[in-house]
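**Student:** First the structure, which I've put down as structure tokens, then a few questions once you've had a look.
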Amino acid sequence: MAKYDFVIAVGGAPGQGIDTVGKSMSQIFARHGLHVYTYSAYQSLIRGGHTFLTVRISSEPVANHGDEIDLIIALDRNSLEKHLPHVRPGGALIYNSDDVRKQAPERDDIQLCPISYKELTGDPDRKKRMLNICTFSVALNLVGGDLKVLEDIITLTFLKRKGQEVVDANIAAARAGYNYASEHFTPFDTKAEKREPALAFTEGNGAMAMGGAAAGVKFYCAYPMSPSTGVLHWMAAHARDLNIMVRQCEDEISVVNMVIGAAHAGCRAMCATSGGGFALMSEAIGSAGMMEIPIVVINVQRGGPSTGLPTKTEQGDLWQLLGASQGDFPKIIVAPTSIMDGFHTIPELFNLVDKFQCPGMVLSDLTLSMGFTTFEPDSINWQPEIDRGELITELGEMDGEYLRYQITGSGISPRALPGTPGHVHVVATDDHDEDGGLISDEFTNPHKRRDIMEKRQRKMDGIVELLPPPTLEGSEDAEVTLIGWGSTHGVISEAAQTLTEDGITTNHIQFKWLYPMDEDTVNEVLAKVGHAIIVECNYTGQFARFLRGETGFKADGHIRKYDGEPFMPHHIVDGARELLIGKTELYVPYQEIVV
């Protein structure tokens with residue numbers, strides 16, 4: 001079959017069921033065996049404001065919402081006026097003609113698809129509760145989707161929560177829209193044909209939560225904070241079935257301390273927050289480092305500083321995690337490169353933090369965590385190997401007194417769980433001797449401090465040996481190398497492919513395991529780059545500065561974006577072209593963003 005790549009967007013106000021449409025759309029095309037990536041641009045408002053959700057549908061895996069929009073569903077007049085210019089020539093726009101009787105939209109290079117919701121449904125409810133389903137069914141007809149699949153999704157979505165009457169009303173509205181489109185509008189030439197096998201789909205936060213469950217997490221704690229709350233929602237929804245203790249606390253300080261307590265007691269424990277919440281957790285993360293207790297903290301980045309942009313994306317918290325808490329202590333920082341990579345990364349990180357008895361931190365962002373993607377169901381039919389490290393859970397033979405912080409060549413000391421017979425020990429946030437005795441309670445012996453500090457830091461050598469280095473994707477003799485980290489992998493990869501097809505050979509390096517970084521290994525990879533351009537979603541080039549500090553590597557150019565919206569492929573393609581003619585930095589202007 002020929003490649004299928006199509007973008008549908010839905011615009012409207014909060015409360016118009018746009019998320020429901022996006023989820024239903026993703027489910028429908030996943031059942032068609034097509035790959036989906038969904039991104040929603042919305043404001044931090046309960047009512048009012050504007051929401052614009054984009055769903056990219058493809059016969060091949062996709063990891064960004066693309067450059068062009070083929071079809072827009074405008075649920076209100078504001079969306080119609082705002083996004084009419086953004087439909088590509090040859091595309092289509094669906095709108096409720098009841099709202100625009102006085103002046104119809106004008107564009108002669110697209111198909112305008114007005115429907116009268118009132119006439120189609122006979123619905124006297126002025127709130128137009130089923131307008132989203134009615135208009136979406138028109139779109140489904142235009143792309144050749146299966147109405148029966150939509151009817152099944154409606155039943156699945158509403159039957160338990162709202163009953164058969166609501167299901168029947170929505171199915172009637174869907175049929176009315178679908179049949180009206182058959183009689184009045186011209187379908188697109190390329191169809192969303194069914195392929196095998198059908199796919200599953202998930203949100204990024206849900207994928208990380210599933211990864212935690214697969215890793216054996218038995219305690220999850222959080223204070224709701226956008227855009228990380230989806231992890232809490234998934235955990236709470238599945239807690240009883242998976243035997244996971246889930247708690248919502250009064251603030252992030254309580255959250256992280258409860259996680260540390262649960263981990264100290266012996267279970268795998270995790271929490272998630274955003275930058276502002278992570279700031280409150282910072283001191284306690286240092287205490288986990290001092291007490292050598294393994295925990296996992298997810299930071300889903302949003303625009304900062306302070307409250308910043310609660311519903312917008314950014315990669316602005318890297319330095320915050322690098323400097324989390326005061327002093328030096330072992331820690332691991334990882335930035336998953338895709339939604340499903342988040343699922344696989346959490347178990348990997350738990351094995352590492354258990355082995356090295358230190359905090360581990362995950363850097364996601366709104367784009368990754370609140371985006372939806374499809375995946376093959378068998379890809380999560382996976383039980384990861386669980387390595388708890390040197391964990392003592394029962395009485396064994398000991399040579400003398402148990403030393404919780406025994407000085408070893410690897411820096412790793414066998415960890416006994418509280419209550420294990422014969423393994424009484426002191427755990428405190430003050431620095432300590434091998435047996436847990438506080439150094440500050442005696443005349444300070446500089447040798448004790450030095451020895452225990454060096455003992456902890458020796459773990460970093462072991463950690464860095466186990467972290468896979470970044471790899472070069474594409475031809476080694478490429479003219480241009482795009483360098484990114486974390487969530488930008490999908491969009492950079494597509495931009496590199498476009499540049500290569502346009503005659504500028506381009507390869508790509510994506511960093512995932514950020515800290516600790518093996519200077520020699522990374523420099524071996526970087527020695528193969530062409531004209532190096534670092535791409536990231538922040539103003540100051542946080543990763544560029546970090547990479548230069550760790551390795552001495554200085555990029556030839558930078559593309560940075562910090563307006564709250566994620567990169568589109570053309571931002572990077574156009575930016576790379578500009579940089580090749582002599583500039584060193586490019587800040588993507590806001591007016592190029594189609595939202």
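Residues are named by chain letter and number: chains run A, B, ... in the order of the structure tokens, numbers start at 1 in each chain, and ligands are numbered from 1 in the order shown.
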Do you know which residues are at most 9 Å from Asp563 in chain A counting only C-alpha atoms, after dropping those on the same chain fewer than 3 positions away, and could you put them as a VMD selection string?

**Tutor:** chain A and resid 303 312 to 314 537 to 538 566 588 to 590

**Student:** Skip Gly276 in chain A itself and residues of its chain fewer than 5 positions away, then list as number ranges by chain all residues within 10 Å of it, counting only C-alpha atoms.

**Tutor:** A: 225, 252, 281, 299, 301-302, 304-308, 310, 317

**Student:** Could you pull the residues within 8 Å of range 85-100 of chain A, counting only C-alpha atoms, minus those fewer than 5 positions along the same chain, as a list in words?

**Tutor:**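 Counting only C-alpha atoms, the residues come to Glu68, Ile69, Asp70, Leu71, Ile72, Ile73, Ala74, Leu75, Asp76, Arg77, Leu80, Asp109, Ile110, Gln111, Leu112, Cys113, Pro114, Ile115, Ser116, Tyr117, Lys118, Thr135, Val138, Ala139 and Val594 of chain A.
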
**Student:** Kindly indicate which residue among A:Phe543, A:Tyr223, A:Phe278, A:Tyr562 lies nearest to Gln510 in chain A, using only C-alpha atoms for the distances.

**Tutor:** A:Phe543

**Student:** What does the distance between CA of Asp241 in chain A and CA of Asp19 in chain A come to in Å, to one decimal place?

**Tutor:**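 A separation of 26.2 Å between them.
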
**Student:** Point out the residue among A:Thr505, A:Thr202, A:Ser410, A:Thr540 with the least atom-to-atom distance to Lys355 in chain A, counting only C-alpha atoms.

**Tutor:** A:Ser410

**Student:** Could you give me the residues within range 122-349 of chain A that DSSP places in alpha helix (DSSP H), as a PyMOL selection string?

**Tutor:** chain A and resi 131-142+147-162+164-184+204-215+229-242+252-265+275-291+318-322+339-349

**Student:** Show me, as a JSON list (two decimals) with N, CA and C atoms, in the first residue's frame, the residues that have an atom within 8 Å of range 384-395 of chain A when counting only C-alpha atoms, minus same-chain residues fewer than 4 positions from it.

**Tutor:**
[["chain", "number", "residue", "atom", "x", "y", "z"],
["A", 214, "ALA", "N", 5.18, -2.20, 35.72],
["A", 214, "ALA", "CA", 6.00, -3.30, 35.23],
["A", 214, "ALA", "C", 7.29, -3.45, 36.04],
["A", 215, "ALA", "N", 7.79, -2.33, 36.55],
["A", 215, "ALA", "CA", 9.03, -2.34, 37.34],
["A", 215, "ALA", "C", 8.81, -2.85, 38.76],
["A", 216, "GLY", "N", 7.54, -3.01, 39.15],
["A", 216, "GLY", "CA", 7.27, -3.48, 40.51],
["A", 216, "GLY", "C", 7.02, -2.38, 41.51],
["A", 347, "PRO", "N", 11.47, 0.97, 34.18],
["A", 347, "PRO", "CA", 12.09, -0.22, 34.79],
["A", 347, "PRO", "C", 13.61, -0.21, 34.74],
["A", 351, "ASN", "N", 16.09, -0.35, 38.18],
["A", 351, "ASN", "CA", 17.18, -1.29, 38.40],
["A", 351, "ASN", "C", 18.48, -0.57, 38.74],
["A", 354, "ASP", "N", 18.22, 1.05, 42.33],
["A", 354, "ASP", "CA", 18.32, 0.01, 43.35],
["A", 354, "ASP", "C", 19.75, -0.49, 43.47],
["A", 355, "LYS", "N", 20.40, -0.69, 42.34],
["A", 355, "LYS", "CA", 21.76, -1.21, 42.35],
["A", 355, "LYS", "C", 22.72, -0.23, 43.02],
["A", 356, "PHE", "N", 22.55, 1.07, 42.70],
["A", 356, "PHE", "CA", 23.50, 2.07, 43.20],
["A", 356, "PHE", "C", 22.96, 2.88, 44.37],
["A", 412, "ILE", "N", 29.15, 0.77, 46.78],
["A", 412, "ILE", "CA", 27.85, 0.19, 47.11],
["A", 412, "ILE", "C", 27.98, -0.62, 48.39],
["A", 413, "SER", "N", 27.13, -0.31, 49.36],
["A", 413, "SER", "CA", 27.11, -1.03, 50.63],
["A", 413, "SER", "C", 25.84, -1.88, 50.68],
["A", 414, "PRO", "N", 25.92, -3.14, 51.11],
["A", 414, "PRO", "CA", 24.71, -3.94, 51.23],
["A", 414, "PRO", "C", 23.66, -3.23, 52.09],
["A", 415, "ARG", "N", 22.42, -3.19, 51.58],
["A", 415, "ARG", "CA", 21.35, -2.43, 52.23],
["A", 415, "ARG", "C", 20.37, -3.39, 52.90],
["A", 416, "ALA", "N", 20.27, -3.26, 54.21],
["A", 416, "ALA", "CA", 19.33, -4.09, 54.96],
["A", 416, "ALA", "C", 18.03, -3.34, 55.18],
["A", 417, "LEU", "N", 16.92, -4.02, 54.93],
["A", 417, "LEU", "CA", 15.63, -3.38, 55.17],
["A", 417, "LEU", "C", 15.38, -3.25, 56.66],
["A", 420, "THR", "N", 15.05, -6.20, 59.63],
["A", 420, "THR", "CA", 15.79, -7.43, 59.36],
["A", 420, "THR", "C", 16.62, -7.78, 60.60],
["A", 421, "PRO", "N", 16.42, -8.97, 61.19],
["A", 421, "PRO", "CA", 17.13, -9.31, 62.43],
["A", 421, "PRO", "C", 18.64, -9.21, 62.26],
["A", 422, "GLY", "N", 19.28, -8.63, 63.28],
["A", 422, "GLY", "CA", 20.73, -8.55, 63.29],
["A", 422, "GLY", "C", 21.31, -7.43, 62.46],
["A", 423, "HIS", "N", 20.46, -6.57, 61.94],
["A", 423, "HIS", "CA", 20.94, -5.51, 61.04],
["A", 423, "HIS", "C", 20.45, -4.13, 61.49]]

**Student:** Which value, in Å to one decimal, gives the distance between CA of Glu119 in chain A and CA of Asn179 in chain A?

**Tutor:**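 Here the two named atoms are 13.3 Å from each other.
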
**Student:** Any chance you could list, as a tab-separated table (two decimals) with C-alpha atoms, in the first residue's frame, the residues in range 453-583 of chain A that come up strand (DSSP E or B) when DSSP is run on the backbone?

**Tutor:**
chain	number	residue	atom	x	y	z
A	472	LEU	CA	24.64	8.48	15.44
A	473	GLU	CA	21.54	7.91	13.31
A	480	VAL	CA	24.86	18.38	8.95
A	481	THR	CA	24.33	16.74	12.35
A	482	LEU	CA	21.27	17.64	14.39
A	483	ILE	CA	21.73	17.10	18.13
A	484	GLY	CA	18.84	16.92	20.57
A	485	TRP	CA	17.78	15.44	23.88
A	506	THR	CA	21.86	15.14	7.60
A	507	ASN	CA	22.30	12.72	10.47
A	508	HIS	CA	21.09	12.92	14.04
A	509	ILE	CA	22.24	12.30	17.62
A	510	GLN	CA	19.72	12.15	20.46
A	511	PHE	CA	20.82	12.14	24.10
A	513	TRP	CA	20.90	9.23	29.53
A	514	LEU	CA	22.04	12.72	30.49
A	515	TYR	CA	23.82	12.34	33.82
A	531	HIS	CA	28.08	20.85	10.88
A	532	ALA	CA	26.63	20.42	14.38
A	533	ILE	CA	23.34	22.11	15.30
A	534	ILE	CA	21.81	21.66	18.76
A	535	VAL	CA	17.99	21.77	18.89
A	536	GLU	CA	16.16	22.37	22.18
A	557	GLY	CA	24.78	26.44	15.55
A	558	HIS	CA	21.67	26.37	17.70
A	559	ILE	CA	17.93	26.25	17.08
A	560	ARG	CA	15.90	27.16	20.16

**Student:** Between CA of Ile332 in chain A and CA of Gln357 in chain A, what distance in Å does the model show, to one decimal?

**Tutor:** 10.6 Å

**Student:** Quick one: of A:Ile463, A:Glu283, A:Gln315, A:Tyr42, who's nearest to Tyr539 in chain A, counting only C-alpha atoms?

**Tutor:**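 The shortest atom-to-atom distance to Tyr539 in chain A comes from A:Gln315.
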